[in-house]
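Visitor: Encoded as structure tokens, here's the structure I'll be asking about.
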Amino acid sequence: MRHAILTAMLLAAPLVSAEVTVIQNGTIYTVTKGTFRGSIVIRDGKIADVGEKVMTPGGARVIDATGKHVIPGIIDAHTHIALDSINESSVSVSSMVSVAEMLNPESISIYQALAGGVTACNSMHGSANSIGGQNVVFKMRWGADARGLIFDKAKPSLKMALGENPKRQGSPQGLQIPGLSSPQNLRYPGTRLGVEDVIRDAFTRARAYQREWKDYEARRARGEKLLPPKRDLELEPLVEVLEGRRLVHAHCYRADEILMLIRVFDDFNIRGVTFQHVLEGYKVAKEIAERGHYASTFSDWWSYKVEAYDAIPYNAAIMHRKGVLVSLNSDDAGGAELMRRLNTEAAKVVKYGGLSENEALAMITINPAKQLAIDQWVGSIETGKDADLVIYDKHPLSSYARVEKVFIDGRQYFDRDEDLSRRPKFEAEKEGLRKKMLDQQKQAAPQNRRPS
Amino acid sequence: MRIARIACLTAAAAALMAADNNTFLLRNATVHPVSGPAIQNASVLVVDGKIADIGPKAAPKGKVRIVEARGLHVYPGMIDSGSPIGLAEIASVRETVDTGELGDFNPQLRALIAVNPSSEHIPVVRANGITSVLVTPGSTGGGRGGAAGSLISGQASLMHLDGWTWEEMEIRRGAAMQMAWPVIQMPRGRGMDIEALLPGLAPRRTTFAEARRNQQQQVQKIQDFFDAARRYQKAKAAGEAIQPDLRYEAMIPVLEGRQPLMIFAAREREIREALDFAARERLKIVLAGVRRPGKTLEDIAKRNIPVVLGTTFVSPLEEDDPYDEPFTLPARLHQAGVKFAFASFGVQFARNLPYQAAQAVPFGLPYDEALKSVTLNTAQIWGIDNEYGSIEKGKYADLIVTDGDPLEVRTQVKMMFIKGVPVDLESKHTRLYKMYSARP
């Protein structure tokens, strides 16, 4: 029954995509080029023009945004939504797996995130292993199939994890579940020391594998006839990391482990890594900034485990002031609870640490776009970028702001009024299905009876 | 200068100086009494920790300390209607968690005696304008999941978020009796990989009939326990020679309707059963964790049963629910005429109580109701409104001074007074902030 409803909702996804749309006379928060009262012209899915005064082409669909607030679509650099499976936790290096295979386009969290102004996200492998699987960046194109959701221009990336989570299966007390914490089921590593070793070892092997292929290519280029090396699907993604063709998102908490990973990456000349959670990033902000690494953190999470006990809501502000590019994320899985209110999460960096409103908005738009290397297409309101836009009724950082419309690639994917007007129909349909199910049960009941 | 010095005092030190410190004139502020409209350019006169006068002309007899609040706003301190603060420090470390005692019936347990006044959470939460909390001894997950948690988990205590000891923090030790109405527990479906990961531990497949039977057995247990407690109460009243029993003893205020029974019931079926039970037993109840009241809403309103709502920061209950289902729930209750208050039902995000109330405003809840649901409504529900919950003459001066609307995230809380005593707004978080901002 649920399936039927979801399908109905998918079919009902709005198909408004006039040639040219103009969002007129709103407060426009471009994030990169100032905030002003003005208009946005959308053509062929892109922002064709934006400014205080723009030419409204004849025949354009005009959306009056007087008194409304327009921001770039929100980007969440750390989620696990719309994935049917998150952790391949049987091995300590699972770089061969990809969560893209698990993307479920019918997951209602996509629509819920959309209704909260999120237009793109990085949905990631979990943190059960030191080197995890490959992640997927997608847009909330509700109604599209899995292929159609994926933001195919995004650079591929890999998950890594430090601290309590990856060492949990190596600790006799770790899981505290009978049957799994028995000595036979322990998995190396069980300490932060071992986590470093697993990572260093994997990249050392990747480097050797890279050399093996380079030698092969060189010899082949010289005309030698020889067999290619055996392909290694575990090491290939790591070679891509070494060659700057694949990004790293590293789950971490404590300052010591953050610094450890920075030093390991120094040794392998890996730059531009995004430290995820990074709740003690404020303690080593200088070191993160020095190497041009990034930070994607929570606004105010703390105390849910030991490694989160020194977490402070000023983390983002300190890191930002010390030169780290910071984004705020939700870490949502199986729902879009926090994702859909990232705007007020951003407001918390104004409260805790006194950052400006624009700096706050950057942390949920252009900064995550940079961390995912999609900033040339999304993350700000600029001519030439994808028309991924959100219209709020009030200041986007206000607790009272509500998302009214959301556009992705210039197409309107969410409209609150339409959502409200569809509800009675859905309710009636649901009621009808419920009744049908009950009727079927009633009919089926006597036939199930067995003679005693 | 003097104010600055006072603000620098630690909370504990401030408490020590209470005798000198709880008389002052807070002036030039916009005062939001909550019980009435805002008053511009007003003063609040506090004498011996209580509000002596409010208004543009409020003035002391003789010399009194002046607290300048020009351009600032004064609100009553906010009250959280349910959080295990002080009982739980680090969620993943059992040694630091004192909620959820073993056994089905623990009415004799009292939350306040295990509240750790040095919990790092206390200053963190009050920094956002929350002056008191109903500390709950049991799980607040809404209903009883499987075998975990008690049916009656103990007495919830209203506590101030300041004091050297739990005794000094106390407002009402037995403010409510916490109880969970049994739910029909079906194994979780799609979307959980725990079954794939741990086949041996996956919940056994049960049919609805079985689950229903289990639930009815739990309900019967509750009935039996209440019946036994009633017999004890009667025997005691009749002066019979009986063995004292702390559990039954603790039930007497509930049975007499003096202590509210805070029943956690999320969905229509459980709420209906809880309402019927309360009517039969003639109990004073407060429903908590309500999510899907359905047709019971009318009855809740008609019988004037107050409701404690959990956080609005949750996903819709079902995947085919409207996306804003949790955001519109408070407005639906308000429209039905139900009095409600908000609870954080947690520790980590307890400081976000004002923002969870605000979330309901763009989805239909009038702003004034949102503010009341963390102040005056709360005080009324827990029966402390003659002393707390609004800025009125004769009430205790539990006040916050802000630079704006306390339900807005961007607003800063500048000062706090609990019973008229200035309270420190520094915390572990501000200390680490200062320390690491200064790192060269």
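Ligands are numbered from 1 in the order shown, chains are lettered A, B, ... in the order of the structure tokens, and residues start at 1 in each chain.
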Find the residues in chain B near chain A: any atom within 6 Å counts, using only C-alpha atoms. Write them as a PyMOL selection string.
Guide: chain B and resi 90-92+314-315+323+358+362+408+410+429
Visitor: So that I can see what lies close to B:Gly294, please list as JSON, numbers by chain the residues with an atom at most 8 Å from it, counting only C-alpha atoms and leaving out residues fewer than 3 positions away in the same chain.
Guide: {"B": [267, 268, 297]}
Visitor: Would you list, as a compact mmCIF listing (two decimals) with all heavy atoms, in the first residue's frame, the residues of stretch 69-306 of chain A that end up in strand (DSSP E or B) under DSSP run on this structure's backbone?
Guide:
```
# COMPACT_ATOMS: atom_id res chain seq x y z
N HIS A 69 12.27 35.52 0.21
CA HIS A 69 13.73 35.43 0.31
C HIS A 69 14.24 34.25 -0.51
O HIS A 69 13.74 33.14 -0.35
CB HIS A 69 14.12 35.27 1.78
CG HIS A 69 13.63 36.39 2.64
ND1 HIS A 69 14.45 37.39 3.10
CD2 HIS A 69 12.37 36.69 3.08
CE1 HIS A 69 13.73 38.26 3.79
NE2 HIS A 69 12.47 37.85 3.82
N VAL A 70 15.21 34.51 -1.36
CA VAL A 70 15.69 33.47 -2.27
C VAL A 70 17.15 33.15 -1.97
O VAL A 70 18.00 34.06 -1.93
CB VAL A 70 15.56 33.90 -3.74
CG1 VAL A 70 15.83 32.73 -4.67
CG2 VAL A 70 14.18 34.51 -4.02
N ILE A 71 17.43 31.88 -1.73
CA ILE A 71 18.82 31.47 -1.49
C ILE A 71 19.19 30.35 -2.47
O ILE A 71 18.30 29.72 -3.07
CB ILE A 71 19.05 31.00 -0.03
CG1 ILE A 71 18.33 29.67 0.26
CG2 ILE A 71 18.63 32.07 0.98
CD1 ILE A 71 18.82 28.96 1.52
N PRO A 72 20.48 30.10 -2.64
CA PRO A 72 20.86 28.95 -3.47
C PRO A 72 20.38 27.67 -2.81
O PRO A 72 20.24 27.61 -1.58
CB PRO A 72 22.40 29.00 -3.47
CG PRO A 72 22.80 30.25 -2.78
CD PRO A 72 21.63 30.76 -2.01
N ILE A 74 20.18 24.37 -0.84
CA ILE A 74 21.05 23.94 0.25
C ILE A 74 21.73 22.63 -0.14
O ILE A 74 21.11 21.75 -0.78
CB ILE A 74 20.21 23.79 1.55
CG1 ILE A 74 19.74 25.17 2.00
CG2 ILE A 74 21.03 23.11 2.65
CD1 ILE A 74 18.73 25.14 3.14
N ILE A 75 22.99 22.51 0.23
CA ILE A 75 23.77 21.31 -0.09
C ILE A 75 24.24 20.69 1.22
O ILE A 75 24.80 21.38 2.07
CB ILE A 75 24.96 21.67 -1.00
CG1 ILE A 75 24.42 22.26 -2.32
CG2 ILE A 75 25.84 20.45 -1.26
CD1 ILE A 75 25.48 22.93 -3.16
N ASP A 76 24.00 19.41 1.36
CA ASP A 76 24.36 18.71 2.59
C ASP A 76 25.53 17.77 2.27
O ASP A 76 25.37 16.80 1.53
CB ASP A 76 23.14 17.92 3.09
CG ASP A 76 23.34 17.36 4.49
OD1 ASP A 76 24.51 17.23 4.91
OD2 ASP A 76 22.33 17.06 5.15
N ALA A 77 26.69 18.08 2.83
CA ALA A 77 27.90 17.33 2.48
C ALA A 77 28.03 15.99 3.20
O ALA A 77 28.99 15.25 2.96
CB ALA A 77 29.13 18.19 2.77
N HIS A 78 27.09 15.68 4.08
CA HIS A 78 27.21 14.42 4.81
C HIS A 78 25.83 13.88 5.18
O HIS A 78 25.20 14.33 6.14
CB HIS A 78 28.04 14.63 6.09
CG HIS A 78 28.34 13.36 6.83
ND1 HIS A 78 29.53 13.17 7.50
CD2 HIS A 78 27.65 12.21 7.00
CE1 HIS A 78 29.54 11.96 8.06
NE2 HIS A 78 28.39 11.37 7.77
N THR A 79 25.36 12.93 4.39
CA THR A 79 24.11 12.25 4.74
C THR A 79 24.29 10.76 4.40
O THR A 79 25.31 10.36 3.84
CB THR A 79 22.90 12.75 3.91
OG1 THR A 79 22.92 12.10 2.62
CG2 THR A 79 22.91 14.23 3.72
N LEU A 83 19.61 5.37 0.93
CA LEU A 83 20.48 4.22 0.72
C LEU A 83 19.87 3.01 1.43
O LEU A 83 19.48 3.11 2.58
CB LEU A 83 21.88 4.48 1.29
CG LEU A 83 22.63 5.68 0.72
CD1 LEU A 83 23.99 5.81 1.41
CD2 LEU A 83 22.81 5.54 -0.78
N VAL A 93 39.08 -2.34 5.17
CA VAL A 93 39.21 -1.49 3.99
C VAL A 93 38.14 -1.96 3.00
O VAL A 93 38.23 -3.05 2.44
CB VAL A 93 40.62 -1.59 3.35
CG1 VAL A 93 40.70 -0.69 2.12
CG2 VAL A 93 41.70 -1.22 4.36
N SER A 98 30.47 0.57 -3.41
CA SER A 98 29.94 1.92 -3.62
C SER A 98 28.47 1.97 -3.21
O SER A 98 27.69 1.10 -3.58
CB SER A 98 30.06 2.30 -5.09
OG SER A 98 29.34 3.50 -5.31
N LEU A 103 21.27 3.27 -4.13
CA LEU A 103 20.43 4.47 -4.13
C LEU A 103 18.98 4.12 -4.44
O LEU A 103 18.69 3.48 -5.46
CB LEU A 103 20.99 5.46 -5.16
CG LEU A 103 20.43 6.89 -5.13
CD1 LEU A 103 20.64 7.52 -3.76
CD2 LEU A 103 21.12 7.73 -6.20
N VAL A 118 16.71 21.55 0.55
CA VAL A 118 17.95 20.90 0.14
C VAL A 118 17.83 20.47 -1.31
O VAL A 118 16.85 19.82 -1.69
CB VAL A 118 18.26 19.66 1.03
CG1 VAL A 118 19.55 19.00 0.59
CG2 VAL A 118 18.35 20.07 2.48
N THR A 119 18.80 20.81 -2.13
CA THR A 119 18.74 20.44 -3.54
C THR A 119 19.77 19.40 -3.93
O THR A 119 19.63 18.72 -4.94
CB THR A 119 18.91 21.68 -4.44
OG1 THR A 119 20.10 22.36 -4.05
CG2 THR A 119 17.72 22.61 -4.30
N ALA A 120 20.85 19.27 -3.13
CA ALA A 120 21.86 18.25 -3.44
C ALA A 120 22.48 17.74 -2.15
O ALA A 120 22.52 18.46 -1.13
CB ALA A 120 22.95 18.83 -4.33
N CYS A 121 22.94 16.51 -2.17
CA CYS A 121 23.61 15.98 -0.99
C CYS A 121 24.64 14.94 -1.36
O CYS A 121 24.63 14.39 -2.46
CB CYS A 121 22.61 15.39 0.00
SG CYS A 121 22.03 13.75 -0.43
N ASN A 122 25.52 14.72 -0.41
CA ASN A 122 26.52 13.67 -0.50
C ASN A 122 26.02 12.55 0.39
O ASN A 122 25.97 12.71 1.61
CB ASN A 122 27.86 14.22 0.00
CG ASN A 122 28.98 13.21 -0.09
OD1 ASN A 122 28.94 12.30 -0.90
ND2 ASN A 122 30.00 13.39 0.74
N SER A 123 25.62 11.43 -0.20
CA SER A 123 25.13 10.32 0.61
C SER A 123 26.26 9.30 0.69
O SER A 123 26.76 8.84 -0.34
CB SER A 123 23.86 9.74 -0.01
OG SER A 123 23.05 9.19 1.00
N ILE A 131 38.92 2.56 6.24
CA ILE A 131 38.68 3.04 4.88
C ILE A 131 37.38 2.42 4.41
O ILE A 131 37.26 1.21 4.30
CB ILE A 131 39.86 2.69 3.94
CG1 ILE A 131 41.13 3.41 4.44
CG2 ILE A 131 39.53 3.08 2.49
CD1 ILE A 131 42.35 3.25 3.55
N GLY A 132 36.40 3.26 4.19
CA GLY A 132 35.06 2.77 3.84
C GLY A 132 34.86 2.74 2.34
O GLY A 132 35.82 2.73 1.56
N GLY A 133 33.60 2.77 1.94
CA GLY A 133 33.27 2.65 0.52
C GLY A 133 33.15 3.98 -0.18
O GLY A 133 33.45 5.04 0.37
N GLN A 134 32.70 3.89 -1.42
CA GLN A 134 32.56 5.07 -2.27
C GLN A 134 31.19 5.71 -2.06
O GLN A 134 30.20 5.01 -1.85
CB GLN A 134 32.75 4.66 -3.74
CG GLN A 134 34.11 4.02 -3.99
CD GLN A 134 34.19 3.29 -5.32
OE1 GLN A 134 33.53 3.67 -6.28
NE2 GLN A 134 34.99 2.24 -5.36
N VAL A 136 28.06 8.81 -2.96
CA VAL A 136 27.34 9.29 -4.15
C VAL A 136 26.77 10.69 -3.90
O VAL A 136 26.21 10.96 -2.84
CB VAL A 136 26.23 8.29 -4.58
CG1 VAL A 136 25.16 8.13 -3.51
CG2 VAL A 136 25.58 8.72 -5.90
N VAL A 137 26.97 11.57 -4.84
CA VAL A 137 26.38 12.91 -4.76
C VAL A 137 25.17 12.94 -5.68
O VAL A 137 25.27 12.53 -6.84
CB VAL A 137 27.40 13.99 -5.19
CG1 VAL A 137 26.75 15.38 -5.18
CG2 VAL A 137 28.61 13.99 -4.26
N PHE A 138 24.03 13.36 -5.15
CA PHE A 138 22.85 13.42 -6.02
C PHE A 138 22.01 14.65 -5.73
O PHE A 138 22.14 15.28 -4.70
CB PHE A 138 22.03 12.14 -5.94
CG PHE A 138 21.34 11.87 -4.63
CD1 PHE A 138 20.05 12.34 -4.40
CD2 PHE A 138 21.95 11.10 -3.65
CE1 PHE A 138 19.40 12.08 -3.20
CE2 PHE A 138 21.30 10.83 -2.44
CZ PHE A 138 20.03 11.32 -2.22
N LYS A 139 21.17 14.98 -6.70
CA LYS A 139 20.23 16.09 -6.55
C LYS A 139 18.85 15.52 -6.20
O LYS A 139 18.51 14.41 -6.61
CB LYS A 139 20.15 16.91 -7.84
CG LYS A 139 21.38 17.79 -8.11
CD LYS A 139 21.03 18.87 -9.13
CE LYS A 139 22.24 19.72 -9.48
NZ LYS A 139 21.86 20.85 -10.37
N ILE A 150 21.49 11.10 -9.77
CA ILE A 150 22.92 11.29 -9.53
C ILE A 150 23.47 12.54 -10.22
O ILE A 150 23.16 12.81 -11.37
CB ILE A 150 23.70 10.02 -9.95
CG1 ILE A 150 23.32 8.87 -9.01
CG2 ILE A 150 25.21 10.25 -9.92
CD1 ILE A 150 23.91 7.52 -9.36
N SER A 157 34.15 10.18 -4.66
CA SER A 157 34.80 10.30 -3.35
C SER A 157 34.74 9.00 -2.57
O SER A 157 34.04 8.06 -2.94
CB SER A 157 34.16 11.44 -2.55
OG SER A 157 32.90 11.04 -2.06
N LEU A 158 35.52 8.99 -1.53
CA LEU A 158 35.70 7.80 -0.70
C LEU A 158 35.51 8.18 0.76
O LEU A 158 35.93 9.24 1.18
CB LEU A 158 37.13 7.26 -0.91
CG LEU A 158 37.47 5.93 -0.28
CD1 LEU A 158 36.70 4.80 -0.96
CD2 LEU A 158 38.97 5.67 -0.38
N LYS A 159 34.91 7.27 1.52
CA LYS A 159 34.70 7.52 2.94
C LYS A 159 35.86 6.93 3.72
O LYS A 159 36.39 5.87 3.39
CB LYS A 159 33.39 6.85 3.39
CG LYS A 159 33.04 7.02 4.86
CD LYS A 159 32.60 8.43 5.18
CE LYS A 159 32.25 8.60 6.65
NZ LYS A 159 30.98 7.98 7.01
N MET A 160 36.28 7.61 4.76
CA MET A 160 37.23 7.04 5.72
C MET A 160 36.70 7.33 7.11
O MET A 160 35.83 8.18 7.27
CB MET A 160 38.62 7.67 5.54
CG MET A 160 39.31 7.20 4.26
SD MET A 160 40.89 8.00 3.96
CE MET A 160 41.82 7.54 5.40
N ALA A 161 37.20 6.62 8.11
CA ALA A 161 36.70 6.86 9.47
C ALA A 161 37.78 6.58 10.50
O ALA A 161 38.54 5.62 10.39
CB ALA A 161 35.47 6.01 9.73
N LEU A 247 38.00 12.36 -4.16
CA LEU A 247 38.03 13.09 -2.89
C LEU A 247 37.94 12.13 -1.72
O LEU A 247 37.48 10.99 -1.87
CB LEU A 247 36.85 14.06 -2.82
CG LEU A 247 36.81 15.16 -3.89
CD1 LEU A 247 35.43 15.82 -3.89
CD2 LEU A 247 37.89 16.19 -3.64
N VAL A 248 38.35 12.62 -0.55
CA VAL A 248 38.22 11.83 0.67
C VAL A 248 37.34 12.59 1.66
O VAL A 248 37.50 13.80 1.85
CB VAL A 248 39.60 11.57 1.31
CG1 VAL A 248 39.44 10.92 2.70
CG2 VAL A 248 40.46 10.68 0.42
N HIS A 249 36.39 11.86 2.25
CA HIS A 249 35.61 12.39 3.37
C HIS A 249 35.92 11.54 4.58
O HIS A 249 35.58 10.36 4.62
CB HIS A 249 34.11 12.36 3.06
CG HIS A 249 33.73 13.29 1.95
ND1 HIS A 249 33.58 14.64 2.14
CD2 HIS A 249 33.52 13.07 0.63
CE1 HIS A 249 33.28 15.21 0.99
NE2 HIS A 249 33.24 14.28 0.06
N ALA A 250 36.61 12.13 5.55
CA ALA A 250 37.11 11.36 6.69
C ALA A 250 36.36 11.68 7.96
O ALA A 250 36.46 12.79 8.50
CB ALA A 250 38.60 11.62 6.86
N HIS A 251 35.60 10.71 8.43
CA HIS A 251 34.87 10.81 9.71
C HIS A 251 35.89 10.84 10.85
O HIS A 251 36.77 9.98 10.91
CB HIS A 251 33.93 9.59 9.78
CG HIS A 251 33.48 9.16 11.12
ND1 HIS A 251 32.13 9.13 11.46
CD2 HIS A 251 34.13 8.71 12.20
CE1 HIS A 251 32.00 8.66 12.69
NE2 HIS A 251 33.19 8.40 13.17
N CYS A 252 35.80 11.82 11.73
CA CYS A 252 36.77 11.93 12.82
C CYS A 252 36.18 12.76 13.95
O CYS A 252 35.22 13.50 13.75
CB CYS A 252 38.05 12.59 12.32
SG CYS A 252 37.76 14.19 11.54
N THR A 274 38.12 16.44 3.10
CA THR A 274 37.10 17.00 3.99
C THR A 274 37.01 16.15 5.24
O THR A 274 36.70 14.96 5.18
CB THR A 274 35.72 17.06 3.30
OG1 THR A 274 35.84 17.83 2.11
CG2 THR A 274 34.70 17.71 4.21
N PHE A 275 37.35 16.78 6.37
CA PHE A 275 37.18 16.10 7.65
C PHE A 275 35.72 16.20 8.05
O PHE A 275 35.16 17.29 8.08
CB PHE A 275 38.10 16.73 8.71
CG PHE A 275 39.54 16.36 8.51
CD1 PHE A 275 40.39 17.17 7.77
CD2 PHE A 275 40.03 15.16 9.02
CE1 PHE A 275 41.71 16.80 7.56
CE2 PHE A 275 41.36 14.79 8.81
CZ PHE A 275 42.19 15.61 8.08
N GLN A 276 35.11 15.06 8.28
CA GLN A 276 33.68 15.00 8.61
C GLN A 276 33.47 14.87 10.12
O GLN A 276 34.25 14.18 10.78
CB GLN A 276 33.03 13.82 7.88
CG GLN A 276 33.01 13.97 6.36
CD GLN A 276 31.97 14.97 5.87
OE1 GLN A 276 31.11 15.42 6.63
NE2 GLN A 276 32.05 15.33 4.60
N HIS A 277 32.41 15.47 10.62
CA HIS A 277 32.13 15.63 12.06
C HIS A 277 33.16 16.58 12.67
O HIS A 277 32.83 17.63 13.11
CB HIS A 277 32.11 14.31 12.83
CG HIS A 277 31.18 13.29 12.27
ND1 HIS A 277 29.97 13.61 11.75
CD2 HIS A 277 31.29 11.95 12.15
CE1 HIS A 277 29.36 12.53 11.32
NE2 HIS A 277 30.14 11.50 11.53
N TYR A 294 39.46 20.63 4.45
CA TYR A 294 38.16 21.21 4.75
C TYR A 294 37.53 20.56 5.98
O TYR A 294 37.95 19.48 6.41
CB TYR A 294 37.19 20.99 3.57
CG TYR A 294 37.65 21.52 2.24
CD1 TYR A 294 37.49 20.75 1.08
CD2 TYR A 294 38.23 22.78 2.11
CE1 TYR A 294 37.89 21.23 -0.16
CE2 TYR A 294 38.63 23.26 0.88
CZ TYR A 294 38.47 22.49 -0.26
OH TYR A 294 38.84 22.96 -1.48
N ALA A 295 36.48 21.21 6.50
CA ALA A 295 35.77 20.65 7.64
C ALA A 295 34.27 20.72 7.43
O ALA A 295 33.74 21.76 7.04
CB ALA A 295 36.15 21.40 8.92
N SER A 296 33.58 19.60 7.67
CA SER A 296 32.12 19.56 7.59
C SER A 296 31.62 19.04 8.93
O SER A 296 31.91 17.91 9.32
CB SER A 296 31.68 18.64 6.45
OG SER A 296 30.27 18.69 6.32
N THR A 297 30.91 19.90 9.66
CA THR A 297 30.63 19.58 11.06
C THR A 297 29.15 19.73 11.40
O THR A 297 28.33 20.12 10.57
CB THR A 297 31.50 20.48 11.98
OG1 THR A 297 31.40 20.04 13.32
CG2 THR A 297 31.07 21.94 11.89
```
Visitor: Just the residues within 6 Å of stretch 115-124 of chain B, please, counting only C-alpha atoms, with nothing from its chain fewer than 2 positions along; format it as a ChimeraX atom specification.
Guide: /B:86-87,112-113,126-127,161,165,427
Visitor: Grab the residues selected above and save them as a PDB file, in the first residue's frame with all heavy atoms.
Guide:
```pdb
ATOM      1  N   GLY B  86      21.111  15.813  34.220  1.00  0.00           N
ATOM      2  CA  GLY B  86      21.643  15.529  35.553  1.00  0.00           C
ATOM      3  C   GLY B  86      21.694  14.041  35.844  1.00  0.00           C
ATOM      4  O   GLY B  86      22.453  13.588  36.701  1.00  0.00           O
ATOM      5  N   LEU B  87      20.869  13.267  35.138  1.00  0.00           N
ATOM      6  CA  LEU B  87      20.869  11.807  35.306  1.00  0.00           C
ATOM      7  C   LEU B  87      21.653  11.123  34.199  1.00  0.00           C
ATOM      8  O   LEU B  87      21.886   9.920  34.255  1.00  0.00           O
ATOM      9  CB  LEU B  87      19.435  11.253  35.279  1.00  0.00           C
ATOM     10  CG  LEU B  87      18.467  11.707  36.369  1.00  0.00           C
ATOM     11  CD1 LEU B  87      17.122  11.014  36.189  1.00  0.00           C
ATOM     12  CD2 LEU B  87      19.027  11.411  37.750  1.00  0.00           C
ATOM     13  N   LEU B 112      15.143  13.221  41.605  1.00  0.00           N
ATOM     14  CA  LEU B 112      16.007  14.312  42.080  1.00  0.00           C
ATOM     15  C   LEU B 112      17.238  13.847  42.839  1.00  0.00           C
ATOM     16  O   LEU B 112      18.278  14.500  42.755  1.00  0.00           O
ATOM     17  CB  LEU B 112      15.209  15.323  42.913  1.00  0.00           C
ATOM     18  CG  LEU B 112      15.083  15.156  44.421  1.00  0.00           C
ATOM     19  CD1 LEU B 112      14.607  16.460  45.015  1.00  0.00           C
ATOM     20  CD2 LEU B 112      14.141  14.032  44.744  1.00  0.00           C
ATOM     21  N   ILE B 113      17.144  12.698  43.525  1.00  0.00           N
ATOM     22  CA  ILE B 113      18.260  12.312  44.394  1.00  0.00           C
ATOM     23  C   ILE B 113      19.507  11.903  43.614  1.00  0.00           C
ATOM     24  O   ILE B 113      20.579  11.771  44.195  1.00  0.00           O
ATOM     25  CB  ILE B 113      17.869  11.196  45.400  1.00  0.00           C
ATOM     26  CG1 ILE B 113      17.339   9.966  44.653  1.00  0.00           C
ATOM     27  CG2 ILE B 113      16.834  11.700  46.399  1.00  0.00           C
ATOM     28  CD1 ILE B 113      18.370   8.927  44.348  1.00  0.00           C
ATOM     29  N   ARG B 126      21.118  25.952  30.381  1.00  0.00           N
ATOM     30  CA  ARG B 126      20.550  27.206  30.892  1.00  0.00           C
ATOM     31  C   ARG B 126      21.061  28.402  30.089  1.00  0.00           C
ATOM     32  O   ARG B 126      20.400  29.446  30.054  1.00  0.00           O
ATOM     33  CB  ARG B 126      20.795  27.354  32.390  1.00  0.00           C
ATOM     34  CG  ARG B 126      22.207  27.637  32.777  1.00  0.00           C
ATOM     35  CD  ARG B 126      22.353  27.723  34.298  1.00  0.00           C
ATOM     36  NE  ARG B 126      23.770  27.925  34.590  1.00  0.00           N
ATOM     37  CZ  ARG B 126      24.391  27.412  35.629  1.00  0.00           C
ATOM     38  NH1 ARG B 126      23.748  26.654  36.493  1.00  0.00           N
ATOM     39  NH2 ARG B 126      25.675  27.650  35.818  1.00  0.00           N
ATOM     40  N   ALA B 127      22.208  28.253  29.431  1.00  0.00           N
ATOM     41  CA  ALA B 127      22.739  29.366  28.634  1.00  0.00           C
ATOM     42  C   ALA B 127      21.768  29.796  27.542  1.00  0.00           C
ATOM     43  O   ALA B 127      21.841  30.914  27.052  1.00  0.00           O
ATOM     44  CB  ALA B 127      24.087  28.983  28.022  1.00  0.00           C
ATOM     45  N   LEU B 161      17.905  24.822  37.277  1.00  0.00           N
ATOM     46  CA  LEU B 161      19.218  24.485  36.720  1.00  0.00           C
ATOM     47  C   LEU B 161      20.317  25.285  37.414  1.00  0.00           C
ATOM     48  O   LEU B 161      21.174  25.885  36.774  1.00  0.00           O
ATOM     49  CB  LEU B 161      19.222  24.724  35.204  1.00  0.00           C
ATOM     50  CG  LEU B 161      18.364  23.730  34.416  1.00  0.00           C
ATOM     51  CD1 LEU B 161      18.462  23.996  32.923  1.00  0.00           C
ATOM     52  CD2 LEU B 161      18.772  22.285  34.715  1.00  0.00           C
ATOM     53  N   THR B 165      23.656  21.692  45.464  1.00  0.00           N
ATOM     54  CA  THR B 165      23.229  20.301  45.685  1.00  0.00           C
ATOM     55  C   THR B 165      21.873  20.104  45.011  1.00  0.00           C
ATOM     56  O   THR B 165      21.212  21.079  44.656  1.00  0.00           O
ATOM     57  CB  THR B 165      23.021  20.021  47.194  1.00  0.00           C
ATOM     58  OG1 THR B 165      21.918  20.839  47.637  1.00  0.00           O
ATOM     59  CG2 THR B 165      24.269  20.350  48.003  1.00  0.00           C
ATOM     60  N   SER B 427      29.874  28.101  30.331  1.00  0.00           N
ATOM     61  CA  SER B 427      29.746  26.644  30.388  1.00  0.00           C
ATOM     62  C   SER B 427      31.044  26.037  29.888  1.00  0.00           C
ATOM     63  O   SER B 427      31.946  26.757  29.439  1.00  0.00           O
ATOM     64  CB  SER B 427      28.601  26.189  29.486  1.00  0.00           C
ATOM     65  OG  SER B 427      28.950  26.428  28.130  1.00  0.00           O
TER      66      SER B 427
END
```
Visitor: If you run DSSP over the backbone, which residues in stretch 248-408 of chain B end up alpha helix (DSSP H)? Put them as a PyMOL selection string.
Guide: chain B and resi 248-255+268-281+296-302+325-335+353-358+367-372+376-381
Visitor: For a test of reading the model, state the distance in Å between atom CA of A:Ser127 and atom CA of A:Arg200, rounded to one decimal.
Guide: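 Interatomic distance, atom CA of A:Ser127 to atom CA of A:Arg200: 17.4 Å.
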Visitor: Using only C-alpha atoms, which residue out of A:Val198, A:Ser92, A:His395, A:Ala100 lies closest to A:Asp152?
Guide: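 Using only C-alpha atoms, the shortest distance to A:Asp152 belongs to A:Ala100.
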Visitor: Determine, counting only C-alpha atoms, which protein, DNA and RNA residues have an atom within 8 Å of an atom of B:Leu261; residues of the same chain fewer than 4 positions away are not included. Present the result as an MDAnalysis selection string.
Guide: chainID B and resid 176:179 254 283:286
